[in-house]
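S.K.: So I've got this file, model-v8.cif, and it contains mmCIF, C-alpha atoms (C1' of nucleotides):
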```cif
data_run
#
loop_
_atom_site.group_PDB
_atom_site.id
_atom_site.type_symbol
_atom_site.label_atom_id
_atom_site.label_comp_id
_atom_site.auth_asym_id
_atom_site.auth_seq_id
_atom_site.Cartn_x
_atom_site.Cartn_y
_atom_site.Cartn_z
ATOM 1 C CA MET A 117 0.000 0.000 0.000
ATOM 2 C CA SER A 118 1.311 3.456 -0.856
ATOM 3 C CA GLU A 119 2.255 5.976 1.768
ATOM 4 C CA ARG A 120 -0.527 8.178 0.453
ATOM 5 C CA GLU A 121 -3.157 5.477 0.974
ATOM 6 C CA LEU A 122 -1.850 4.744 4.451
ATOM 7 C CA ARG A 123 -2.151 8.412 5.312
ATOM 8 C CA ARG A 124 -5.763 8.600 4.111
ATOM 9 C CA ASN A 125 -6.595 5.531 6.175
ATOM 10 C CA LEU A 126 -4.961 6.858 9.330
ATOM 11 C CA ALA A 127 -7.821 6.921 11.831
ATOM 12 C CA ILE A 128 -6.993 9.654 14.328
ATOM 13 C CA LEU A 129 -9.768 12.251 14.080
ATOM 14 C CA PRO A 130 -12.179 12.453 17.045
ATOM 15 C CA ILE A 131 -15.896 12.739 16.329
ATOM 16 C CA GLY A 132 -15.924 16.423 17.250
ATOM 17 C CA THR A 133 -13.528 17.266 14.421
ATOM 18 C CA VAL A 134 -15.439 15.097 11.971
ATOM 19 C CA ARG A 135 -18.667 16.787 13.027
ATOM 20 C CA GLU A 136 -17.304 20.207 12.084
ATOM 21 C CA LEU A 137 -15.705 18.900 8.886
ATOM 22 C CA THR A 138 -18.922 17.300 7.630
ATOM 23 C CA LEU A 139 -21.486 19.619 9.218
ATOM 24 C CA LEU A 140 -23.270 16.478 10.454
ATOM 25 C CA SER A 141 -24.422 15.999 14.069
ATOM 26 C CA ASP A 142 -22.554 13.435 16.131
ATOM 27 C CA ARG A 143 -25.946 11.786 16.521
ATOM 28 C CA GLN A 144 -26.172 11.320 12.753
ATOM 29 C CA ILE A 145 -22.609 10.055 12.487
ATOM 30 C CA ARG A 146 -23.250 7.390 15.144
ATOM 31 C CA TYR A 147 -26.533 6.509 13.482
ATOM 32 C CA TYR A 148 -24.795 5.883 10.147
ATOM 33 C CA GLU A 149 -22.304 3.689 11.961
ATOM 34 C CA GLN A 150 -25.142 1.627 13.438
ATOM 35 C CA ASN A 151 -26.358 1.083 9.888
ATOM 36 C CA GLU A 152 -22.871 -0.023 8.806
ATOM 37 C CA LEU A 153 -22.377 2.864 6.402
ATOM 38 C CA ILE A 154 -19.082 3.596 8.157
ATOM 39 C CA MET A 155 -16.938 1.601 10.572
ATOM 40 C CA PRO A 156 -14.480 3.917 12.349
ATOM 41 C CA ASN A 157 -11.736 2.530 14.592
ATOM 42 C CA ARG A 158 -11.924 2.758 18.337
ATOM 43 C CA GLY A 159 -9.331 4.293 20.590
ATOM 44 C CA ALA A 160 -8.845 4.487 24.355
ATOM 45 C CA GLY A 161 -12.114 4.523 26.239
ATOM 46 C CA GLY A 162 -13.992 3.249 23.219
ATOM 47 C CA GLN A 163 -13.802 6.609 21.497
ATOM 48 C CA ARG A 164 -14.233 6.638 17.732
ATOM 49 C CA ARG A 165 -11.231 7.519 15.553
ATOM 50 C CA PHE A 166 -11.978 8.576 11.977
ATOM 51 C CA SER A 167 -9.692 8.708 8.928
ATOM 52 C CA LEU A 168 -9.841 11.130 6.001
ATOM 53 C CA ASN A 169 -11.469 8.337 4.016
ATOM 54 C CA ASP A 170 -14.152 8.101 6.682
ATOM 55 C CA VAL A 171 -14.758 11.844 6.328
ATOM 56 C CA ASP A 172 -15.088 11.519 2.541
ATOM 57 C CA ARG A 173 -17.461 8.622 3.035
ATOM 58 C CA LEU A 174 -19.636 10.659 5.412
ATOM 59 C CA LEU A 175 -19.710 13.475 2.863
ATOM 60 C CA GLU A 176 -20.880 10.980 0.229
ATOM 61 C CA ILE A 177 -23.539 9.668 2.588
ATOM 62 C CA LYS A 178 -24.810 13.186 3.132
ATOM 63 C CA ASP A 179 -25.003 13.809 -0.621
ATOM 64 C CA PHE A 180 -26.854 10.548 -1.261
ATOM 65 C CA LEU A 181 -29.292 11.310 1.547
ATOM 66 C CA ASP A 182 -29.907 14.786 0.154
ATOM 67 C CA ALA A 183 -30.454 13.183 -3.252
ATOM 68 C CA GLY A 184 -33.273 11.157 -1.722
ATOM 69 C CA ASP A 185 -31.534 7.798 -1.277
ATOM 70 C CA SER A 186 -32.384 5.717 1.801
ATOM 71 C CA ILE A 187 -29.898 4.164 4.213
ATOM 72 C CA LYS A 188 -30.435 0.818 2.515
ATOM 73 C CA ASP A 189 -29.941 2.349 -0.931
ATOM 74 C CA ILE A 190 -26.594 3.702 0.207
ATOM 75 C CA GLN A 191 -25.624 0.338 1.686
ATOM 76 C CA GLU A 192 -26.215 -1.207 -1.731
ATOM 77 C CA ILE A 193 -24.353 1.555 -3.518
ATOM 78 C CA PHE A 194 -21.298 1.033 -1.309
ATOM 79 C CA ALA A 195 -21.571 -2.732 -1.701
ATOM 80 C CA LYS A 196 -21.582 -2.303 -5.474
ATOM 81 C CA GLN A 197 -18.623 0.063 -5.336
ATOM 82 C CA HIS A 198 -16.792 -2.547 -3.281
ATOM 83 C CA ARG A 199 -17.514 -5.287 -5.832
ATOM 84 C CA ILE A 200 -16.286 -3.083 -8.657
ATOM 85 C CA ALA A 201 -13.102 -2.304 -6.734
ATOM 86 C CA LEU A 202 -12.465 -6.020 -6.198
ATOM 87 C CA GLU A 203 -13.037 -6.802 -9.870
ATOM 88 C CA LYS A 204 -10.678 -4.023 -10.862
ATOM 89 C CA HIS A 205 -8.077 -5.391 -8.487
ATOM 90 C CA ASP A 206 -8.455 -8.914 -9.890
ATOM 91 C CA SER A 207 -8.236 -7.803 -13.508
ATOM 92 C CA GLU A 208 -5.134 -5.747 -12.844
ATOM 93 C CA LEU A 209 -3.570 -8.694 -11.081
ATOM 94 C CA ALA A 210 -4.385 -10.929 -14.077
ATOM 95 C CA LEU A 211 -2.897 -8.368 -16.460
ATOM 96 C CA ARG A 212 0.345 -8.222 -14.469
ATOM 97 C CA ARG A 213 0.632 -12.010 -14.550
ATOM 98 C CA SER A 214 0.058 -12.279 -18.287
ATOM 99 C CA LEU A 215 2.547 -9.519 -19.020
ATOM 100 C CA GLN A 216 5.065 -11.135 -16.724
ATOM 101 C CA LYS A 217 4.618 -14.399 -18.602
ATOM 102 C CA GLU A 218 5.054 -12.728 -22.005
ATOM 103 C CA PHE A 219 8.199 -10.921 -20.942
ATOM 104 C CA ALA A 220 9.581 -14.196 -19.697
ATOM 105 C CA GLN A 221 8.971 -15.663 -23.167
ATOM 106 C CA ILE A 222 10.676 -12.758 -24.896
ATOM 107 C CA GLY A 223 13.595 -13.211 -22.580
ATOM 108 C CA ARG A 224 14.065 -16.815 -23.664
ATOM 109 C CA PHE A 225 13.949 -15.917 -27.396
ATOM 110 C CA GLY A 226 16.493 -13.190 -26.924
ATOM 111 C CA ARG A 227 19.064 -15.626 -25.561
ATOM 112 C "C1'" DC B 105 -14.587 19.790 28.415
ATOM 113 C "C1'" DT B 106 -15.498 15.711 25.013
ATOM 114 C "C1'" DT B 107 -17.376 11.306 23.948
ATOM 115 C "C1'" DC B 108 -20.051 7.057 24.968
ATOM 116 C "C1'" DT B 109 -24.441 4.313 25.486
ATOM 117 C "C1'" DC B 110 -29.165 4.063 26.249
ATOM 118 C "C1'" DA B 111 -33.728 5.526 26.617
ATOM 119 C "C1'" DC B 112 -37.915 8.462 25.354
ATOM 120 C "C1'" DA B 113 -42.889 13.521 28.863
ATOM 121 C "C1'" DT C 91 -33.135 12.454 14.394
ATOM 122 C "C1'" DG C 92 -32.982 15.125 18.710
ATOM 123 C "C1'" DT C 93 -32.111 15.384 23.623
ATOM 124 C "C1'" DG C 94 -31.093 14.430 28.379
ATOM 125 C "C1'" DA C 95 -28.990 11.231 31.803
ATOM 126 C "C1'" DG C 96 -25.001 9.271 33.897
ATOM 127 C "C1'" DT C 97 -20.113 7.657 32.612
ATOM 128 C "C1'" DA C 98 -15.315 7.347 31.477
#
```
With the file now loaded, output its structure as structure tokens.
M.R.:
Amino acid sequence: MSERELRRNLAILPIGTVRELTLLSDRQIRYYEQNELIMPNRGAGGQRRFSLNDVDRLLEIKDFLDAGDSIKDIQEIFAKQHRIALEKHDSELALRRSLQKEFAQIGRFGR
DNA sequence: CTTCTCACA
DNA sequence: TGTGAGTA
């Protein structure tokens, strides 16, 4: 994983900061967590720790809600996004393997 | 002072 | 979703 990805996944923001960043109430943020739309880490004392990705996700949730989508609709949207991300990962992995194989062939002919 | 969970005149 | 109670 790149350093940039690790940084975006660093969960260190307390709910108060996230509340101001997203303009959502802490009540809403906890409610979305109950509905598995977000799953922040937990720190000392059971306090939630959010990452920048969590903040982006909350912003998306707010937009979808404003657009009229229900909690369940958003759950499905995220599930679909997750499937697409997995497929993309698999296809890229397959491409790397086939290219690696072809280069190996070229290497043998060049000898 | 901030956050957490739980309950609801 | 909001709010108040009682904690940690």
S.K.: Evaluate the PyMOL selection byres ((chain B) within 8 of (chain A)) against this structure - the residues, as a PyMOL selection string, please.
M.R.: chain B and resi 106-108
S.K.: Identify all residues satisfying the PyMOL selection byres ((chain C) within 12 of (chain A)) in the given file; provide them as a short mmCIF file (atom, residue, chain, number, x, y, z; two decimals) with C-alpha atoms (C1' of nucleotides), in the frame of the given file.
M.R.:
```cif
data_model
loop_
_atom_site.label_atom_id
_atom_site.label_comp_id
_atom_site.auth_asym_id
_atom_site.auth_seq_id
_atom_site.Cartn_x
_atom_site.Cartn_y
_atom_site.Cartn_z
"C1'" DT C 91 -33.14 12.45 14.39
"C1'" DG C 92 -32.98 15.12 18.71
"C1'" DT C 93 -32.11 15.38 23.62
"C1'" DT C 97 -20.11 7.66 32.61
"C1'" DA C 98 -15.32 7.35 31.48
#
```
S.K.: Choose the residue, out of A:Ala201, A:Ile177, A:Ala220, A:Leu215, that has the smallest atom-to-atom separation from A:Glu152; count all atoms listed in the file.
M.R.: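 Under the stated criterion, the closest residue is A:Ile177.
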S.K.: Could you list the residues chosen by the PyMOL selection byres ((chain A and resi 127) around 8) in this structure as a PyMOL selection string?
M.R.: chain A and resi 125-126+128-129+156-157+165-168
S.K.: Could you work out how far atom C1' of C:DA95 lies from atom CA of A:Tyr148, giving the answer in Å with one decimal?
M.R.: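 Separating atom CA of A:Tyr148 from atom C1' of C:DA95 is a distance of 22.7 Å.
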S.K.: Tell me, in Å to one decimal, how far atom CA of A:Asp179 is from atom CA of A:Ile154.
M.R.: 14.7 Å
